[in-house]
file final.cif (mmCIF, C-alpha atoms and all ligand atoms)
data_coords
#
loop_
_atom_site.label_atom_id
_atom_site.label_comp_id
_atom_site.auth_asym_id
_atom_site.auth_seq_id
_atom_site.Cartn_x
_atom_site.Cartn_y
_atom_site.Cartn_z
CA MET K 1 9.11 -19.99 -1.18
CA LYS K 2 6.87 -20.57 -4.16
CA ARG K 3 3.25 -21.12 -3.28
CA ASN K 4 0.40 -22.62 -5.22
CA ASN K 5 -0.97 -19.19 -5.81
CA GLY K 6 1.88 -16.75 -6.50
CA ILE K 7 4.77 -15.92 -4.22
CA ASN K 8 4.94 -14.88 -0.59
CA LEU K 9 6.66 -11.55 -0.01
CA VAL K 10 6.88 -12.29 3.71
CA ASP K 11 9.68 -14.74 2.88
CA TYR K 12 11.60 -12.00 1.11
CA PHE K 13 11.32 -9.33 3.77
CA ASP K 14 14.75 -8.88 5.32
CA GLN K 15 14.39 -6.49 8.22
CA GLU K 16 18.14 -5.93 8.43
CA SER K 17 18.46 -4.65 4.89
CA PRO K 18 18.90 -0.98 3.98
CA TYR K 19 15.47 -0.86 2.35
CA ALA K 20 13.88 -2.00 5.61
CA THR K 21 15.36 1.09 7.23
CA GLU K 22 13.71 3.21 4.55
CA PHE K 23 10.32 1.64 5.25
CA ARG K 24 10.72 2.26 9.00
CA ARG K 25 11.53 5.86 8.18
CA LEU K 26 8.52 6.12 5.92
CA LEU K 27 6.21 4.79 8.64
CA HIS K 28 7.71 7.28 11.04
CA ASN K 29 7.14 10.13 8.57
CA ILE K 30 3.55 9.09 8.00
CA ASN K 31 2.90 9.18 11.72
CA GLY K 32 4.72 12.48 12.05
CA ALA K 33 2.87 14.24 9.22
CA ASP K 34 -0.02 16.43 10.31
CA PRO K 35 0.42 15.72 14.03
CA GLY K 36 -2.66 15.31 16.17
CA GLN K 37 -4.71 13.82 13.35
CA GLU K 38 -5.34 10.10 13.53
CA LYS K 39 -3.78 8.23 10.62
CA LYS K 40 -5.13 4.74 10.70
CA THR K 41 -6.33 4.40 7.10
CA ILE K 42 -3.79 5.23 4.41
CA LEU K 43 -4.35 5.08 0.65
CA VAL K 44 -1.37 4.48 -1.62
CA THR K 45 -1.73 5.63 -5.20
CA SER K 46 0.43 6.83 -8.09
CA ALA K 47 0.03 8.88 -11.23
CA MET K 48 0.43 5.99 -13.66
CA LEU K 49 0.72 2.21 -13.78
CA ALA K 50 3.65 0.21 -12.44
CA GLU K 51 5.25 2.90 -10.31
CA GLY K 52 5.50 0.54 -7.34
CA LYS K 53 2.29 1.09 -5.34
CA SER K 54 1.69 -2.57 -4.53
CA THR K 55 5.34 -3.16 -3.71
CA ILE K 56 5.58 -0.14 -1.40
CA VAL K 57 2.27 -0.75 0.34
CA SER K 58 3.21 -4.39 0.96
CA PHE K 59 6.62 -3.64 2.44
CA LEU K 60 5.15 -0.85 4.51
CA ALA K 61 2.55 -3.27 5.85
CA MET K 62 5.17 -5.92 6.71
CA THR K 63 7.30 -3.28 8.44
CA ALA K 64 4.40 -2.12 10.59
CA ALA K 65 3.32 -5.66 11.42
CA ARG K 66 6.70 -7.23 12.14
CA GLN K 67 8.79 -4.41 13.47
CA LYS K 68 6.22 -2.29 15.22
CA ARG K 69 3.92 -5.18 16.12
CA ARG K 70 0.99 -3.13 14.91
CA LYS K 71 -2.11 -5.05 13.89
CA THR K 72 -2.08 -4.26 10.19
CA LEU K 73 -4.60 -4.82 7.39
CA LEU K 74 -3.76 -4.58 3.70
CA VAL K 75 -6.71 -3.96 1.38
CA ASP K 76 -6.50 -4.43 -2.38
CA CYS K 77 -8.74 -1.80 -3.94
CA ASP K 78 -6.95 -1.98 -7.29
CA LEU K 79 -9.78 -3.92 -8.87
CA ARG K 80 -8.34 -3.39 -12.36
CA ARG K 81 -4.91 -4.91 -11.80
CA PRO K 82 -4.96 -6.49 -8.36
CA THR K 83 -1.71 -8.08 -7.23
CA LEU K 84 -1.75 -8.35 -3.43
CA HIS K 85 -3.26 -11.87 -3.52
CA TYR K 86 -0.37 -12.93 -5.76
CA LEU K 87 2.26 -11.21 -3.61
CA PHE K 88 1.03 -12.91 -0.43
CA GLY K 89 0.08 -16.24 -1.99
CA VAL K 90 -3.61 -16.22 -1.08
CA PRO K 91 -6.68 -16.69 -3.29
CA ARG K 92 -7.98 -13.57 -5.01
CA GLU K 93 -11.66 -14.42 -4.61
CA ASN K 94 -13.76 -13.44 -1.61
CA GLY K 95 -12.45 -9.96 -1.03
CA VAL K 96 -13.35 -6.30 -1.57
CA VAL K 97 -15.88 -6.96 -4.36
CA GLU K 98 -17.74 -9.61 -2.36
CA ALA K 99 -17.81 -7.30 0.67
CA LEU K 100 -18.96 -4.20 -1.19
CA MET K 101 -21.28 -5.75 -3.77
CA GLY K 102 -22.20 -9.08 -2.18
CA GLY K 103 -22.94 -7.77 1.30
CA LYS K 104 -20.32 -9.93 3.02
CA ARG K 105 -19.10 -8.81 6.42
CA ALA K 106 -15.47 -7.77 6.90
CA LYS K 107 -14.70 -10.76 9.11
CA ASP K 108 -15.80 -13.10 6.32
CA VAL K 109 -13.39 -11.65 3.76
CA ILE K 110 -10.30 -11.03 5.92
CA LYS K 111 -7.49 -13.52 5.20
CA LYS K 112 -4.45 -14.25 7.30
CA THR K 113 -0.94 -13.97 5.87
CA SER K 114 2.11 -15.85 7.14
CA GLU K 115 3.13 -12.65 8.97
CA PRO K 116 1.47 -12.93 12.39
CA HIS K 117 0.18 -9.34 12.72
CA LEU K 118 -0.67 -8.87 9.04
CA ASP K 119 -4.06 -9.65 7.50
CA ILE K 120 -5.28 -8.98 3.98
CA ILE K 121 -8.48 -8.32 2.08
CA THR K 122 -7.85 -9.28 -1.53
CA ALA K 123 -9.60 -7.65 -4.49
CA GLY K 124 -12.15 -10.40 -4.94
CA LYS K 125 -13.76 -11.55 -8.17
CA SER K 126 -13.28 -9.40 -11.23
CA VAL K 127 -15.98 -6.91 -12.17
CA LEU K 128 -16.65 -5.07 -15.40
CA LYS K 129 -17.08 -1.65 -13.85
CA PRO K 130 -14.75 -1.21 -10.86
CA THR K 131 -15.71 2.43 -10.34
CA GLU K 132 -19.28 1.42 -9.52
CA VAL K 133 -17.98 -0.74 -6.68
CA PHE K 134 -16.65 2.36 -4.93
CA ASP K 135 -19.44 4.67 -6.04
CA SER K 136 -21.94 3.27 -3.57
CA GLY K 137 -20.21 4.44 -0.40
CA ALA K 138 -20.06 0.84 0.86
CA ILE K 139 -16.29 1.14 1.22
CA HIS K 140 -16.91 3.69 3.97
CA LYS K 141 -18.89 1.11 5.93
CA LEU K 142 -16.26 -1.57 5.42
CA LEU K 143 -13.48 0.73 6.62
CA GLU K 144 -15.49 1.75 9.66
CA GLU K 145 -15.96 -1.91 10.52
CA VAL K 146 -12.29 -2.90 10.22
CA ARG K 147 -11.03 0.27 11.86
CA PHE K 148 -12.07 -1.14 15.17
CA TYR K 149 -9.82 -4.21 14.92
CA TYR K 150 -6.59 -2.80 13.43
CA ASP K 151 -3.91 -0.26 14.29
CA LEU K 152 -3.13 0.45 10.65
CA ILE K 153 -5.10 -0.12 7.43
CA LEU K 154 -3.16 0.29 4.18
CA VAL K 155 -5.12 0.46 0.94
CA ASP K 156 -3.67 -0.24 -2.50
CA CYS K 157 -5.56 1.21 -5.47
CA ALA K 158 -5.48 2.06 -9.16
CA PRO K 159 -3.38 4.93 -10.56
CA ILE K 160 -4.97 8.32 -10.25
CA LEU K 161 -4.60 9.82 -13.73
CA PRO K 162 -6.19 7.14 -15.93
CA VAL K 163 -9.15 6.26 -13.66
CA SER K 164 -11.30 7.89 -11.01
CA ASP K 165 -11.41 5.11 -8.37
CA PRO K 166 -8.65 6.63 -6.21
CA MET K 167 -10.50 9.94 -6.04
CA LEU K 168 -13.61 8.12 -4.84
CA LEU K 169 -11.60 6.37 -2.12
CA ALA K 170 -9.45 9.30 -1.02
CA PRO K 171 -12.02 11.25 1.04
CA ASP K 172 -12.64 8.16 3.22
CA MET K 173 -8.98 7.90 4.20
CA ASP K 174 -7.02 9.50 7.02
CA GLY K 175 -4.17 10.07 4.60
CA VAL K 176 -3.07 9.57 0.98
CA ILE K 177 0.45 8.86 -0.29
CA LEU K 178 1.59 9.27 -3.89
CA VAL K 179 4.26 6.85 -5.15
CA VAL K 180 6.45 8.29 -7.90
CA LYS K 181 8.90 6.16 -9.84
CA ALA K 182 12.13 8.13 -9.85
CA GLY K 183 13.77 8.53 -13.23
CA ALA K 184 10.64 7.34 -15.05
CA THR K 185 7.58 9.44 -14.25
CA GLN K 186 7.64 12.79 -15.97
CA ARG K 187 7.64 15.79 -13.72
CA GLU K 188 4.44 17.21 -15.23
CA VAL K 189 2.64 13.90 -14.79
CA ALA K 190 3.60 13.63 -11.12
CA LYS K 191 2.64 17.25 -10.62
CA ARG K 192 -0.81 16.73 -12.12
CA ALA K 193 -1.40 13.75 -9.85
CA SER K 194 -0.38 15.66 -6.75
CA LEU K 195 -2.59 18.62 -7.76
CA LEU K 196 -5.56 16.25 -7.96
CA LEU K 197 -4.84 15.13 -4.41
CA LYS K 198 -4.47 18.64 -3.07
CA ASN K 199 -8.13 19.36 -2.51
CA ASN K 200 -10.11 20.06 0.61
CA LYS K 201 -11.57 16.54 0.83
CA THR K 202 -8.23 14.72 0.79
CA ARG K 203 -5.47 14.61 3.36
CA PHE K 204 -2.46 14.36 1.08
CA LEU K 205 0.52 13.29 3.20
CA GLY K 206 3.25 13.40 0.56
CA VAL K 207 5.24 11.63 -2.10
CA VAL K 208 7.27 8.42 -1.83
CA LEU K 209 10.07 8.18 -4.38
CA ASN K 210 10.46 4.62 -5.60
CA ASN K 211 13.34 3.21 -7.60
CA LEU K 212 15.85 5.69 -6.23
CA SER K 213 18.64 3.14 -6.51
CA ASN K 214 18.48 3.40 -10.28
CA ILE K 215 19.28 7.07 -10.22
CA LEU K 216 21.38 7.19 -7.05
CA PRO K 217 23.29 3.90 -7.05
CA TYR K 218 25.97 5.11 -4.67
CA TYR K 219 23.60 6.06 -1.89
CA TYR K 220 21.91 2.69 -1.88
CA SER K 221 24.91 0.48 -2.51
CA ASP K 222 26.20 -1.87 0.16
CA SER K 223 29.46 0.03 0.30
CA TYR K 224 27.62 3.15 1.36
CA TYR K 225 25.98 1.39 4.27
CA GLY K 226 29.18 -0.51 4.97
CA TYR K 227 29.76 -3.40 7.28
CA GLU K 228 29.25 -1.27 10.36
CA TYR K 229 25.65 -0.60 9.50
CA LYS K 230 23.41 -2.16 12.12
CA PRO K 231 19.71 -1.75 12.58
CA ARG K 232 18.66 -0.24 15.88
CA PRO K 233 17.26 -2.77 18.32
CA GLU K 234 13.49 -2.65 18.41
CA LYS K 235 11.90 -1.48 21.64
N1 LIG L 1 12.09 -0.34 -6.01
C1 LIG L 1 11.92 -1.32 -6.89
N2 LIG L 1 12.97 -2.00 -7.36
C2 LIG L 1 12.82 -2.99 -8.26
N3 LIG L 1 11.63 -3.39 -8.77
C3 LIG L 1 10.54 -2.73 -8.35
C4 LIG L 1 10.62 -1.68 -7.39
N4 LIG L 1 9.35 -1.24 -7.16
C5 LIG L 1 8.53 -1.98 -7.94
N5 LIG L 1 9.24 -2.88 -8.66
C6 LIG L 1 8.70 -3.83 -9.65
O1 LIG L 1 8.02 -3.06 -10.63
C7 LIG L 1 6.82 -3.72 -11.03
C8 LIG L 1 5.64 -2.80 -10.78
O2 LIG L 1 5.51 -2.61 -9.38
P1 LIG L 1 4.12 -2.65 -8.64
O3 LIG L 1 4.37 -2.48 -7.20
O4 LIG L 1 3.31 -3.83 -9.05
O5 LIG L 1 3.48 -1.31 -9.26
P2 LIG L 1 1.99 -0.76 -9.24
O6 LIG L 1 1.28 -1.42 -8.10
O7 LIG L 1 2.16 0.72 -9.06
O8 LIG L 1 1.41 -1.07 -10.59
C9 LIG L 1 6.75 -5.01 -10.26
O9 LIG L 1 7.26 -6.05 -11.06
C10 LIG L 1 7.65 -4.76 -9.06
O10 LIG L 1 8.22 -5.95 -8.58
MG MG L 2 -0.40 -2.64 -8.15
#
call {"tool": "encode", "arguments": {"input": "final.cif", "output": "structure tokens", "more": "lines below"}}
Ligand SMILES: Nc1ncnc2c1ncn2[C@@H]1O[C@H](COP(=O)(O)OP(=O)(O)O)[C@@H](O)[C@H]1O
Ligand SMILES: [Mg+2]
result
Amino acid sequence: MKRNNGINLVDYFDQESPYATEFRRLLHNINGADPGQEKKTILVTSAMLAEGKSTIVSFLAMTAARQKRRKTLLVDCDLRRPTLHYLFGVPRENGVVEALMGGKRAKDVIKKTSEPHLDIITAGKSVLKPTEVFDSGAIHKLLEEVRFYYDLILVDCAPILPVSDPMLLAPDMDGVILVVKAGATQREVAKRASLLLKNNKTRFLGVVLNNLSNILPYYYSDSYYGYEYKPRPEK
């Protein structure tokens, strides 16, 4: 369904598809990593641009909301190239920037999506110096406020090598995931990004390989899953 303002990914989320299984698995792995430690706020970053951060974080959020019935919040902290407003067909304005710079309360910037358990905070109006928005520590306050209302808070952000925003956000998160575009990102580049995340202030949970189908077509093809493939009934 085309909306006035972008598309709406919710309409494209097919929970019976093979990729939906992968997102359930990913959620399960996130919960399983580092057992005993609460993982309510998760940051999704990548080494470079266009590796699939916004796509992965959005499908992960829809999986948690629809299949696990977890109250989920998506936050667009990629103030340089925000896309979550476009992907969920909501206005960009009145989001993270207005909350962190304009003193708005979380409840005034949270928007509903067409997925019942999924809410979103969009990036907000554009700013000249995005790093300054996160420099102030106000993001910590915002996350503390929303933490109370949600089971899972997924944060999209800029890539880690070209800009420093993700490193400012990372210490405030319960976990950080690195998306790597398979067959595209050079090994050394991915390695440098993961080394940046392996520090004593960041809980680095692991790497998500995106675009695997382009290098492993057989594994992801319909014939591999076959007609007998059926998703497990949800409890
Ligand atoms: N697994 C995938 N298969 C096909 N297209 C993808 C996949 N992941 C991302 N894309 C596309 O690649 C582009 C960049 O993805 P996006 O999620 O916006 O990256 P990022 O947020 O890291 O910049 C988008 O057009 C998106 O639709
Ligand atoms: Mg993005």
call {"tool": "atom_distance", "arguments": {"input": "final.cif", "atom1": "atom CA of K:Arg25", "atom2": "atom CA of K:Asp151"}}
result
17.7 Å
call {"tool": "closest_residue", "arguments": {"input": "final.cif", "among": "K:Glu22, K:Glu115, K:Asp135, K:Glu38", "to": "ligand LIG 1 (chain L)", "atoms": "all atoms listed in the file"}}
result
K:Glu22
call {"tool": "residues_around", "arguments": {"input": "final.cif", "residues": "K:Met173", "least_positions_apart": "5", "cutoff": "7 Å", "atoms": "all atoms listed in the file", "output": "list in words"}}
result
Thr41, Ile42 and Leu43 of chain K
call {"tool": "atom_distance", "arguments": {"input": "final.cif", "atom1": "atom CA of K:Ile139", "atom2": "atom O8 of ligand LIG 1 (chain L)"}}
result
21.4 Å
call {"tool": "residues_near_ligand", "arguments": {"input": "final.cif", "ligand": "ligand LIG 1 (chain L)", "cutoff": "6 Å", "atoms": "all atoms listed in the file", "output": "list in words"}}
result
Leu49, Ala50, Glu51, Gly52, Lys53, Ser54, Thr55, Asn210 and Asn211 of chain K
call {"tool": "write_last_selection", "arguments": {"input": "final.cif", "atoms": "C-alpha atoms", "output": "mmCIF file, keeping the file's coordinate frame"}}
result
data_model
loop_
_atom_site.group_PDB
_atom_site.id
_atom_site.type_symbol
_atom_site.label_atom_id
_atom_site.label_comp_id
_atom_site.auth_asym_id
_atom_site.auth_seq_id
_atom_site.Cartn_x
_atom_site.Cartn_y
_atom_site.Cartn_z
ATOM 1 C CA LEU K 49 0.720 2.210 -13.780
ATOM 2 C CA ALA K 50 3.650 0.210 -12.440
ATOM 3 C CA GLU K 51 5.250 2.900 -10.310
ATOM 4 C CA GLY K 52 5.500 0.540 -7.340
ATOM 5 C CA LYS K 53 2.290 1.090 -5.340
ATOM 6 C CA SER K 54 1.690 -2.570 -4.530
ATOM 7 C CA THR K 55 5.340 -3.160 -3.710
ATOM 8 C CA ASN K 210 10.460 4.620 -5.600
ATOM 9 C CA ASN K 211 13.340 3.210 -7.600
#
call {"tool": "atom_distance", "arguments": {"input": "final.cif", "atom1": "atom CA of K:Lys191", "atom2": "atom CA of K:Leu26"}}
result
20.8 Å
call {"tool": "residues_near_ligand", "arguments": {"input": "final.cif", "ligand": "ligand MG 2 (chain L)", "cutoff": "10 Å", "atoms": "only C-alpha atoms and all ligand atoms", "output": "PyMOL selection string"}}
result
chain K and resi 44-46+49-58+76-84+156-159
call {"tool": "closest_residue", "arguments": {"input": "final.cif", "among": "K:Leu154, K:His117, K:Ala47, K:Phe88", "to": "K:Glu188", "atoms": "all atoms listed in the file"}}
result
K:Ala47
call {"tool": "closest_residue", "arguments": {"input": "final.cif", "among": "K:Gly137, K:His85, K:Arg105, K:Leu142", "to": "K:Lys125", "atoms": "all atoms listed in the file"}}
result
K:His85
call {"tool": "closest_residue", "arguments": {"input": "final.cif", "among": "K:Phe13, K:Glu145, K:Asn94, K:Glu132", "to": "K:Ile120", "atoms": "all atoms listed in the file"}}
result
K:Asn94
call {"tool": "closest_residue", "arguments": {"input": "final.cif", "among": "K:Ile110, K:Thr185, K:Leu60, K:Ile30", "to": "K:Gly95", "atoms": "only C-alpha atoms"}}
result
K:Ile110
call {"tool": "decode", "arguments": {"input": "final.cif", "residues": "stretch 144-162 of chain K", "atoms": "N, CA and C atoms", "output": "PDB file, in the first residue's frame"}}
result
ATOM      1  N   GLU K 144      15.734   6.155  29.145  1.00  0.00           N
ATOM      2  CA  GLU K 144      15.268   5.789  30.480  1.00  0.00           C
ATOM      3  C   GLU K 144      13.744   5.949  30.582  1.00  0.00           C
ATOM      4  N   GLU K 145      13.252   7.021  29.945  1.00  0.00           N
ATOM      5  CA  GLU K 145      11.817   7.293  29.993  1.00  0.00           C
ATOM      6  C   GLU K 145      11.015   6.215  29.243  1.00  0.00           C
ATOM      7  N   VAL K 146      11.480   5.865  28.031  1.00  0.00           N
ATOM      8  CA  VAL K 146      10.700   4.916  27.229  1.00  0.00           C
ATOM      9  C   VAL K 146      10.878   3.468  27.700  1.00  0.00           C
ATOM     10  N   ARG K 147      11.971   3.198  28.348  1.00  0.00           N
ATOM     11  CA  ARG K 147      12.275   1.872  28.849  1.00  0.00           C
ATOM     12  C   ARG K 147      11.140   1.294  29.697  1.00  0.00           C
ATOM     13  N   PHE K 148      10.501   2.173  30.389  1.00  0.00           N
ATOM     14  CA  PHE K 148       9.434   1.817  31.292  1.00  0.00           C
ATOM     15  C   PHE K 148       8.206   1.260  30.552  1.00  0.00           C
ATOM     16  N   TYR K 149       7.986   1.744  29.335  1.00  0.00           N
ATOM     17  CA  TYR K 149       6.744   1.402  28.618  1.00  0.00           C
ATOM     18  C   TYR K 149       6.879   0.269  27.614  1.00  0.00           C
ATOM     19  N   TYR K 150       8.126  -0.116  27.270  1.00  0.00           N
ATOM     20  CA  TYR K 150       8.310  -1.087  26.183  1.00  0.00           C
ATOM     21  C   TYR K 150       9.089  -2.319  26.627  1.00  0.00           C
ATOM     22  N   ASP K 151       8.842  -3.431  25.903  1.00  0.00           N
ATOM     23  CA  ASP K 151       9.602  -4.651  26.158  1.00  0.00           C
ATOM     24  C   ASP K 151      10.917  -4.625  25.389  1.00  0.00           C
ATOM     25  N   LEU K 152      10.889  -3.957  24.222  1.00  0.00           N
ATOM     26  CA  LEU K 152      12.078  -3.944  23.371  1.00  0.00           C
ATOM     27  C   LEU K 152      12.185  -2.591  22.671  1.00  0.00           C
ATOM     28  N   ILE K 153      13.385  -2.011  22.697  1.00  0.00           N
ATOM     29  CA  ILE K 153      13.606  -0.718  22.031  1.00  0.00           C
ATOM     30  C   ILE K 153      14.762  -0.902  21.052  1.00  0.00           C
ATOM     31  N   LEU K 154      14.461  -0.765  19.763  1.00  0.00           N
ATOM     32  CA  LEU K 154      15.467  -0.986  18.726  1.00  0.00           C
ATOM     33  C   LEU K 154      15.855   0.353  18.116  1.00  0.00           C
ATOM     34  N   VAL K 155      17.144   0.627  18.075  1.00  0.00           N
ATOM     35  CA  VAL K 155      17.621   1.938  17.640  1.00  0.00           C
ATOM     36  C   VAL K 155      18.439   1.816  16.359  1.00  0.00           C
ATOM     37  N   ASP K 156      18.009   2.538  15.335  1.00  0.00           N
ATOM     38  CA  ASP K 156      18.728   2.602  14.062  1.00  0.00           C
ATOM     39  C   ASP K 156      19.699   3.774  14.151  1.00  0.00           C
ATOM     40  N   CYS K 157      20.861   3.675  13.543  1.00  0.00           N
ATOM     41  CA  CYS K 157      21.782   4.822  13.615  1.00  0.00           C
ATOM     42  C   CYS K 157      22.673   4.888  12.381  1.00  0.00           C
ATOM     43  N   ALA K 158      23.581   5.835  12.390  1.00  0.00           N
ATOM     44  CA  ALA K 158      24.486   6.043  11.258  1.00  0.00           C
ATOM     45  C   ALA K 158      25.549   4.936  11.244  1.00  0.00           C
ATOM     46  N   PRO K 159      26.269   4.800  10.130  1.00  0.00           N
ATOM     47  CA  PRO K 159      27.360   3.819  10.094  1.00  0.00           C
ATOM     48  C   PRO K 159      28.531   4.253  10.989  1.00  0.00           C
ATOM     49  N   ILE K 160      29.247   3.285  11.470  1.00  0.00           N
ATOM     50  CA  ILE K 160      30.207   3.542  12.540  1.00  0.00           C
ATOM     51  C   ILE K 160      31.562   4.074  12.055  1.00  0.00           C
ATOM     52  N   LEU K 161      31.971   3.727  10.828  1.00  0.00           N
ATOM     53  CA  LEU K 161      33.299   4.176  10.398  1.00  0.00           C
ATOM     54  C   LEU K 161      33.336   5.644   9.974  1.00  0.00           C
ATOM     55  N   PRO K 162      32.372   6.120   9.188  1.00  0.00           N
ATOM     56  CA  PRO K 162      32.474   7.525   8.766  1.00  0.00           C
ATOM     57  C   PRO K 162      32.152   8.550   9.850  1.00  0.00           C
TER      58      PRO K 162
END
